[in-house]
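Visitor: Input data00.cif, format and content: mmCIF, C-alpha atoms.
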```cif
data_data
#
loop_
_atom_site.label_atom_id
_atom_site.label_comp_id
_atom_site.auth_asym_id
_atom_site.auth_seq_id
_atom_site.Cartn_x
_atom_site.Cartn_y
_atom_site.Cartn_z
CA MET A 18 13.23 6.56 22.66
CA ILE A 19 14.37 4.02 25.26
CA ASP A 20 13.17 6.14 28.19
CA ASP A 21 9.72 6.68 26.66
CA TYR A 22 9.46 3.00 25.78
CA MET A 23 10.50 1.79 29.23
CA SER A 24 8.21 4.25 31.02
CA LYS A 25 5.30 3.15 28.80
CA LYS A 26 4.27 6.77 28.34
CA LYS A 27 3.96 6.07 24.63
CA ASN A 28 3.39 2.88 22.68
CA ALA A 29 6.23 1.28 20.77
CA ALA A 30 5.07 2.59 17.37
CA MET A 31 5.08 6.20 18.57
CA CYS A 32 8.54 5.78 20.13
CA LEU A 33 9.95 4.30 16.94
CA HIS A 34 8.43 7.04 14.76
CA GLU A 35 9.92 9.77 16.96
CA TYR A 36 13.32 8.04 16.95
CA CYS A 37 13.40 7.84 13.15
CA GLN A 38 12.24 11.43 12.78
CA LYS A 39 15.03 12.68 15.05
CA LYS A 40 17.62 10.55 13.25
CA LYS A 41 16.13 11.48 9.84
CA LEU A 42 15.72 7.82 8.95
CA THR A 43 13.14 6.48 6.51
CA LEU A 44 10.65 4.26 8.33
CA LYS A 45 7.83 2.22 6.87
CA PHE A 46 5.78 -0.75 8.01
CA GLN A 47 5.34 -3.72 5.73
CA ASP A 48 2.30 -5.99 5.99
CA GLU A 49 3.27 -9.54 5.08
CA GLU A 50 2.43 -13.19 5.36
CA VAL A 51 2.69 -14.54 8.88
CA GLN A 52 5.90 -16.53 9.24
CA PHE A 53 5.51 -19.86 10.98
CA ARG A 54 7.64 -19.99 14.11
CA PRO A 55 8.08 -23.44 15.73
CA GLY A 56 6.89 -23.64 19.31
CA GLN A 57 4.59 -20.64 19.02
CA PRO A 58 0.80 -20.71 18.43
CA GLN A 59 -0.30 -20.20 14.85
CA THR A 60 -3.91 -19.30 14.10
CA PHE A 61 -5.55 -18.38 10.81
CA GLY A 62 -6.30 -14.70 10.55
CA ASN A 63 -3.23 -13.42 12.40
CA PHE A 64 -1.60 -10.36 10.87
CA GLY A 65 2.11 -10.05 10.21
CA CYS A 66 4.00 -6.77 10.06
CA SER A 67 7.64 -5.74 10.13
CA ALA A 68 9.39 -2.39 10.47
CA VAL A 69 11.69 -1.38 7.61
CA ILE A 70 14.28 1.32 8.33
CA GLU A 71 16.49 2.50 5.48
CA ASP A 72 15.61 -0.64 3.45
CA LYS A 73 16.55 -2.93 6.34
CA GLN A 74 13.84 -5.22 7.65
CA TYR A 75 13.50 -5.94 11.37
CA PRO A 76 11.76 -8.88 13.13
CA GLN A 77 8.16 -9.63 12.26
CA GLY A 78 5.43 -8.79 14.73
CA VAL A 79 2.34 -10.99 14.76
CA ALA A 80 -1.00 -10.09 16.34
CA SER A 81 -4.75 -10.45 15.92
CA THR A 82 -5.14 -7.05 14.19
CA LYS A 83 -3.03 -4.94 11.84
CA LYS A 84 -2.68 -2.17 14.43
CA LYS A 85 -1.48 -4.55 17.14
CA ALA A 86 0.90 -6.25 14.69
CA LYS A 87 2.41 -2.84 13.88
CA ILE A 88 2.94 -2.09 17.57
CA GLU A 89 4.47 -5.53 18.13
CA ALA A 90 6.79 -5.04 15.13
CA SER A 91 7.82 -1.67 16.59
CA ARG A 92 8.54 -3.28 19.96
CA LEU A 93 10.76 -5.94 18.41
CA CYS A 94 12.53 -3.33 16.30
CA ILE A 95 13.26 -1.19 19.36
CA ARG A 96 14.75 -4.20 21.14
CA VAL A 97 17.13 -4.74 18.22
CA LEU A 98 18.09 -1.06 18.02
CA ALA A 99 18.72 -1.03 21.78
CA GLY A 100 20.95 -4.10 21.51
CA TRP A 101 18.70 -6.27 23.67
CA ASP A 102 18.09 -8.88 20.97
CA ASP A 103 20.65 -10.60 18.78
CA PHE A 104 19.04 -10.02 15.39
CA VAL A 105 20.67 -8.84 12.17
CA PRO A 106 18.36 -6.68 9.99
CA VAL A 107 17.78 -8.08 6.52
CA GLU A 108 18.46 -6.02 3.40
CA ILE A 109 15.33 -5.83 1.26
CA ALA A 110 15.68 -6.43 -2.47
CA PRO A 111 12.98 -5.11 -4.85
CA GLU A 112 10.57 -7.84 -5.93
CA ALA A 113 7.87 -8.01 -8.58
CA ASP A 114 4.49 -7.48 -6.97
CA ASP A 115 1.19 -9.20 -7.69
CA ASN A 116 0.27 -6.51 -10.23
CA ARG A 117 2.06 -8.66 -12.80
CA TYR A 118 -1.07 -10.82 -12.92
CA VAL A 119 -3.82 -9.72 -15.29
CA GLU A 120 -6.52 -10.73 -12.81
CA VAL A 121 -5.10 -8.40 -10.16
CA ARG A 122 -4.87 -5.46 -12.56
CA ASP A 123 -8.39 -6.08 -13.86
CA LEU A 124 -9.84 -6.12 -10.35
CA LEU A 125 -8.00 -2.92 -9.41
CA ASP A 126 -9.36 -1.23 -12.54
CA ILE A 127 -12.92 -2.36 -11.75
CA CYS A 128 -12.62 -1.14 -8.16
CA ALA A 129 -11.34 2.23 -9.37
CA VAL A 130 -14.24 2.65 -11.81
CA LYS A 131 -16.86 1.54 -9.30
CA ASN A 132 -15.22 3.45 -6.43
CA ILE A 133 -14.89 0.29 -4.33
CA GLY A 134 -12.34 -0.02 -1.53
CA TYR A 135 -9.84 -2.86 -2.05
CA GLU A 136 -7.42 -4.60 0.29
CA LYS A 137 -5.50 -7.86 -0.11
CA MET A 138 -4.07 -9.93 2.73
CA MET A 139 -1.82 -12.98 2.40
CA ASN A 140 -1.24 -15.65 5.04
CA LYS A 141 0.80 -18.83 5.06
CA ASP A 142 0.19 -21.57 7.62
CA HIS A 143 2.63 -24.10 9.06
CA ASN A 144 1.70 -26.58 6.30
CA GLY A 145 2.84 -24.15 3.63
CA VAL A 146 -0.69 -23.36 2.43
CA HIS A 147 -1.15 -19.81 1.14
CA THR A 148 -4.45 -18.01 1.68
CA CYS A 149 -5.32 -14.89 -0.29
CA THR A 150 -8.12 -12.84 1.29
CA ILE A 151 -9.63 -9.92 -0.60
CA HIS A 152 -11.65 -7.29 1.24
CA LEU A 153 -13.97 -5.19 -0.92
CA SER A 154 -16.08 -2.46 0.63
CA LYS A 155 -19.68 -3.59 1.22
CA HIS A 156 -18.84 -7.20 0.28
CA ASP A 157 -18.00 -10.29 2.28
CA PRO A 158 -14.32 -11.32 2.28
CA ILE A 159 -13.27 -13.47 -0.67
CA LYS A 160 -10.73 -16.20 0.09
CA HIS A 161 -8.85 -18.91 -1.72
CA SER A 162 -6.22 -21.26 -0.33
CA SER A 163 -3.61 -23.22 -2.23
CA ALA A 164 -0.15 -24.66 -1.79
CA ASP A 165 0.84 -22.44 -4.73
CA ARG A 166 0.86 -18.72 -3.91
CA GLU A 167 0.23 -17.62 -7.50
CA GLU A 168 -2.82 -19.85 -7.75
CA ALA A 169 -4.26 -18.48 -4.50
CA VAL A 170 -3.83 -14.88 -5.70
CA ILE A 171 -5.18 -15.43 -9.20
CA ILE A 172 -8.24 -17.48 -8.28
CA ALA A 173 -9.22 -15.17 -5.40
CA HIS A 174 -9.03 -12.14 -7.69
CA SER A 175 -10.89 -13.96 -10.45
CA GLU A 176 -13.70 -14.78 -8.02
CA ALA A 177 -13.83 -11.13 -6.93
CA ILE A 178 -14.12 -10.06 -10.57
CA ARG A 179 -16.94 -12.57 -11.09
CA ILE A 180 -18.82 -11.14 -8.11
CA LEU A 181 -18.42 -7.51 -9.21
CA GLU A 182 -18.95 -7.99 -12.94
CA GLY A 183 -20.95 -11.20 -13.17
CA ARG A 184 -18.23 -12.74 -15.34
CA ALA A 185 -17.03 -16.32 -15.20
CA SER A 186 -14.07 -16.81 -12.91
CA THR A 187 -10.72 -18.07 -14.10
CA GLN A 188 -10.77 -21.86 -14.16
CA SER A 189 -7.05 -22.42 -14.43
CA ALA A 190 -4.17 -20.78 -12.64
CA ASP A 191 -2.17 -21.09 -15.87
CA VAL A 192 -3.96 -18.04 -17.32
CA LEU A 193 -1.35 -15.49 -16.40
CA VAL A 194 -1.41 -13.28 -19.50
CA ASP A 195 -3.98 -11.08 -21.14
CA PRO A 196 -5.80 -12.97 -23.94
CA THR A 197 -5.53 -9.83 -26.09
CA ALA A 198 -1.76 -9.81 -25.76
CA GLY A 199 -1.46 -10.70 -29.43
CA THR A 200 -2.80 -7.31 -30.51
CA GLU A 201 -1.33 -5.20 -27.71
CA PRO A 202 1.94 -5.67 -25.81
CA PRO A 203 1.24 -6.98 -22.29
CA ARG A 204 1.87 -4.62 -19.41
CA VAL A 205 5.03 -5.69 -17.63
CA PRO A 206 5.59 -3.91 -14.30
CA ASP A 207 9.02 -2.44 -13.70
CA SER A 208 9.76 -3.67 -10.18
CA ARG A 209 12.80 -1.41 -9.82
CA LEU A 210 10.87 1.71 -10.84
CA ALA A 211 7.99 0.69 -8.58
CA SER A 212 10.39 0.29 -5.66
CA LEU A 213 11.94 3.72 -6.27
CA ARG A 214 8.53 5.36 -6.49
CA GLU A 215 7.38 3.58 -3.35
CA ARG A 216 10.43 4.92 -1.54
CA GLU A 217 9.70 8.46 -2.73
CA ALA A 218 6.06 8.17 -1.69
CA TYR A 219 6.95 7.04 1.83
CA ALA A 220 9.60 9.75 2.06
CA ALA A 221 6.90 12.31 1.20
CA LEU A 222 4.66 10.79 3.88
CA ASN A 223 7.41 10.95 6.49
CA ARG A 224 8.12 14.60 5.65
CA THR A 225 4.46 15.37 6.23
CA LEU A 226 4.29 13.37 9.46
CA GLN A 227 7.21 15.34 10.87
CA THR A 228 5.00 18.44 10.82
CA LEU A 229 2.18 16.68 12.70
CA PRO A 230 1.80 15.59 16.35
CA PRO A 231 3.49 12.24 17.19
CA GLU A 232 0.16 10.57 17.96
CA VAL A 233 -0.89 11.14 14.35
CA ALA A 234 2.32 9.56 13.07
CA ALA A 235 1.55 6.43 15.11
CA PHE A 236 -1.61 5.68 13.12
CA ASP A 237 -1.71 3.19 10.27
CA HIS A 238 -1.21 5.07 7.00
CA ASN A 239 -2.33 3.40 3.79
CA ILE A 240 -1.04 5.61 1.00
CA ALA A 241 -1.46 6.08 -2.73
CA ALA A 242 0.64 8.35 -4.92
CA ILE A 243 0.24 9.38 -8.56
CA PHE A 244 3.40 10.21 -10.50
CA LEU A 245 3.68 12.28 -13.66
CA SER A 246 6.47 11.05 -15.92
CA ASN A 247 7.80 12.62 -19.11
CA GLU A 248 11.35 11.94 -20.26
CA SER A 249 11.35 15.04 -22.48
CA VAL A 250 10.75 17.36 -19.51
CA GLN A 251 13.52 17.53 -16.92
CA GLU A 252 11.11 18.06 -14.01
CA PHE A 253 9.33 14.77 -14.75
CA GLN A 254 12.27 12.57 -15.74
CA GLY A 255 13.42 9.43 -13.94
CA THR A 256 10.83 8.23 -11.45
CA GLY A 257 8.68 11.24 -12.28
CA LYS A 258 7.12 13.72 -9.89
CA ILE A 259 4.40 13.13 -7.32
CA VAL A 260 1.45 15.24 -8.44
CA ALA A 261 -1.22 13.70 -6.19
CA PHE A 262 -1.08 11.94 -2.86
CA GLY A 263 -3.70 10.33 -0.65
CA THR A 264 -3.95 8.46 2.63
CA GLY A 265 -6.87 6.68 4.25
CA ASN A 266 -8.48 3.28 4.66
CA ALA A 267 -12.16 3.82 5.42
CA SER A 268 -15.39 3.30 3.52
CA LEU A 269 -18.76 4.03 5.09
CA GLY A 270 -21.48 1.42 5.23
CA ALA A 271 -24.93 2.14 3.85
CA GLU A 272 -26.33 2.75 7.35
CA TYR A 273 -24.06 5.79 7.80
CA LEU A 274 -24.88 7.57 4.53
CA THR A 275 -26.69 10.91 4.67
CA PRO A 276 -28.92 12.40 1.94
CA ASP A 277 -27.29 15.84 2.26
CA GLY A 278 -23.83 14.57 1.35
CA ARG A 279 -22.15 15.51 4.63
CA CYS A 280 -20.45 12.12 4.96
CA VAL A 281 -17.55 11.08 2.75
CA VAL A 282 -18.48 7.63 1.48
CA ASP A 283 -15.00 6.49 0.51
CA SER A 284 -11.85 7.92 2.04
CA SER A 285 -9.50 5.15 0.98
CA ALA A 286 -5.99 6.12 -0.11
CA ALA A 287 -6.66 5.54 -3.83
CA THR A 288 -9.85 7.61 -3.74
CA THR A 289 -8.29 10.56 -1.93
CA ALA A 290 -5.35 10.44 -4.35
CA ARG A 291 -7.75 10.60 -7.31
CA ARG A 292 -9.46 13.61 -5.74
CA ALA A 293 -6.06 15.25 -5.32
CA LEU A 294 -5.27 14.49 -8.97
CA LYS A 295 -8.48 16.21 -10.09
CA ARG A 296 -7.51 19.32 -8.13
CA TYR A 297 -4.03 19.23 -9.63
CA LEU A 298 -5.35 18.90 -13.18
CA GLY A 299 -7.87 21.69 -12.58
CA HIS A 300 -5.09 23.97 -11.32
CA GLU A 301 -2.99 23.15 -14.39
CA VAL A 302 -5.90 23.92 -16.74
CA VAL A 303 -6.39 27.32 -15.10
CA ALA A 304 -2.65 28.02 -15.31
CA CYS A 305 -2.67 27.12 -19.00
CA LEU A 306 -5.63 29.38 -19.81
CA THR A 307 -4.17 32.31 -17.85
CA GLY A 308 -0.70 32.11 -19.38
CA GLY A 309 1.02 30.45 -16.43
CA LYS A 310 3.35 27.45 -16.37
CA SER A 311 1.33 24.31 -17.00
CA ILE A 312 1.60 20.71 -18.14
CA PHE A 313 -1.03 21.57 -20.78
CA GLU A 314 -0.64 23.55 -23.98
CA LYS A 315 -3.26 25.65 -25.71
CA SER A 316 -4.54 24.29 -28.97
CA PHE A 317 -5.98 26.70 -31.53
CA ARG A 318 -8.20 25.17 -34.16
CA ASN A 319 -9.05 26.75 -37.49
CA PRO A 320 -12.84 27.31 -37.50
CA GLY A 321 -12.86 26.47 -41.20
#
```
Now, as a test, write the supplied structure out as C-alpha cells.
Guide:
Amino acid sequence: MIDDYMSKKKNAAMCLHEYCQKKKLTLKFQDEEVQFRPGQPQTFGNFGCSAVIEDKQYPQGVASTKKKAKIEASRLCIRVLAGWDDFVPVEIAPEADDNRYVEVRDLLDICAVKNIGYEKMMNKDHNGVHTCTIHLSKHDPIKHSSADREEAVIIAHSEAIRILEGRASTQSADVLVDPTAGTEPPRVPDSRLASLREREAYAALNRTLQTLPPEVAAFDHNIAAIFLSNESVQEFQGTGKIVAFGTGNASLGAEYLTPDGRCVVDSSAATTARRALKRYLGHEVVACLTGGKSIFEKSFRNPG
C-alpha cells in the first residue's frame, strides 16, 4: 500500500481498498457534516468524508466534491496507518438516524412510490449553523438552515414533501410524531439493529468488490439492502437475511430518455434493490409452485 501510494501509481482510495482487502478488514466511507477546523478555509458546499475500518473512524477529509473528499479521507487514513500522523482512531457507537422523524420517513415513502432519487447532505459552518440539503432527481436542491439540527432536517423534508405532493409544509419543528399515533403505535427505529444490518450490507459489498478489479472498488458505492426477517425461521432470525441488494447513484435527465426503453431512467441504489427484490420474489413463487423450498406456502381454497 505504501509503495503504491508513494509512487502515485494509484490514488489513495484504491490503495486503501487493496490494503483492507488483503488484511480482510471491513472498510466503509462515511459522508458527514464538515467539521470546522480553526485556521483552515471553510466554504459552504464542501463535502466531508471519513474512512471507517473495523468500526474505527479515521480523520475527516474535506473537498469540493464527494469523490475528492473520499480520496482525501483515504489519504489521511493511510498517513495514520503508516504512522506518519499522530491520530488515534475513534470508536464509533451506533446512533439513531434521521429516520426517526416522520417527515423523513414520509418523504422516503413518496420517493419510493414515485421512483424519485433521494439524497440528503448535512453541513455545519463555523457559527454552528446546520444546513440540510435535499437532492431529488429532476428537482432543484431544497435547503434549510438552522442552529438546531433537528429543525433543519424536519423543515427541509417538509418542504420537499410539499413540492412533491402539494401539501402544506410543517410549520413547527415540534411536530416530531405521526398525528395518527393515537390509533397506531409510532414506528421507532432500532438503532442497534440498523447498525448491525448496515455492517452486514457493507460486508456483502466488500465481498463482492474483492472479486472485481481494484479500479471498480475505488468508485463511490451508494448501497441499499433489503432484509427478510422471521423469528420463527432459523435462516431469517436475528438481523435477518439479505434477499436483495443494489448499488448506484444515477438518474437520467429528460433529455437522455429514449422512446425504445434502452436507457435505464433510475439506477439509484434503492431502485436497483427493489428490482432485485422483485426477481427474488418471482424466484420464490416459482419454487413454491414447483414444489421447491420457498418463503411462500400454497393455499388451497374450497371452491364452494
Visitor: Written as a compact mmCIF listing (two decimals) with C-alpha atoms, in the frame of the given file, which residues does the PyMOL selection byres ((chain A and resi 123-130) around 10) give for the file shown?
Guide:
```txt
# COMPACT_ATOMS: atom_id res chain seq x y z
CA ASN A 116 0.27 -6.51 -10.23
CA TYR A 118 -1.07 -10.82 -12.92
CA VAL A 119 -3.82 -9.72 -15.29
CA GLU A 120 -6.52 -10.73 -12.81
CA VAL A 121 -5.10 -8.40 -10.16
CA ARG A 122 -4.87 -5.46 -12.56
CA LYS A 131 -16.86 1.54 -9.30
CA ASN A 132 -15.22 3.45 -6.43
CA ILE A 133 -14.89 0.29 -4.33
CA GLY A 134 -12.34 -0.02 -1.53
CA TYR A 135 -9.84 -2.86 -2.05
CA GLU A 136 -7.42 -4.60 0.29
CA LEU A 153 -13.97 -5.19 -0.92
CA SER A 154 -16.08 -2.46 0.63
CA HIS A 174 -9.03 -12.14 -7.69
CA SER A 175 -10.89 -13.96 -10.45
CA GLU A 176 -13.70 -14.78 -8.02
CA ALA A 177 -13.83 -11.13 -6.93
CA ILE A 178 -14.12 -10.06 -10.57
CA ARG A 179 -16.94 -12.57 -11.09
CA LEU A 181 -18.42 -7.51 -9.21
CA GLU A 182 -18.95 -7.99 -12.94
CA ASP A 195 -3.98 -11.08 -21.14
CA ALA A 287 -6.66 5.54 -3.83
CA THR A 288 -9.85 7.61 -3.74
CA ARG A 291 -7.75 10.60 -7.31
```
Visitor: Applied to the shown file, which residues does the PyMOL selection byres ((chain A and resi 239) around 8) return, written as a PyMOL selection string?
Guide: chain A and resi 237-238+240-241+264-266+285-286
Visitor: Would you compute the distance between atom CA of Thr256 of chain A and atom CA of Ala68 of chain A? Give it in Å to one decimal.
Guide: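 Atom CA of Ala68 of chain A lies 24.4 Å from atom CA of Thr256 of chain A.
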Visitor: From the list A:Leu274, A:Ile88, A:Val97, A:Leu42, which residue is nearest Lys27 of chain A when using all atoms listed in the file?
Guide: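 Among A:Leu274, A:Ile88, A:Val97, A:Leu42, it is A:Ile88 that comes nearest to Lys27 of chain A.
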Visitor: Could you spell out the hits of the PyMOL selection byres ((chain A and resi 213) around 12) on the shown file, as a list in words?
Guide: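 Residues picked by the PyMOL selection byres ((chain A and resi 213) around 12): Asp72, Ala110, Pro111, Glu112, Asp207, Ser208, Arg209, Leu210, Ala211, Ser212, Arg214, Glu215, Arg216, Glu217, Ala218, Tyr219, Ala220, Phe244, Gly255, Thr256, Gly257 and Lys258 of chain A.
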Visitor: In Å, how far is it from atom CA of Arg224 of chain A to atom CA of His34 of chain A?
Guide: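 Pair atom CA of Arg224 of chain A / atom CA of His34 of chain A returns 11.8 Å.
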Visitor: Using atom CA of Leu33 of chain A and atom CA of Cys94 of chain A as the two end points, give the distance in Å to one decimal.
Guide: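 Rounded to one decimal, the two atoms are 8.1 Å apart.
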Visitor: Measuring between all atoms listed in the file, which one of A:Ile109, A:Phe46, A:Asp20, A:Phe313 shows the shortest distance to Lys83 of chain A?
Guide: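 Residue with the minimum atom-to-atom distance to Lys83 of chain A: A:Phe46.
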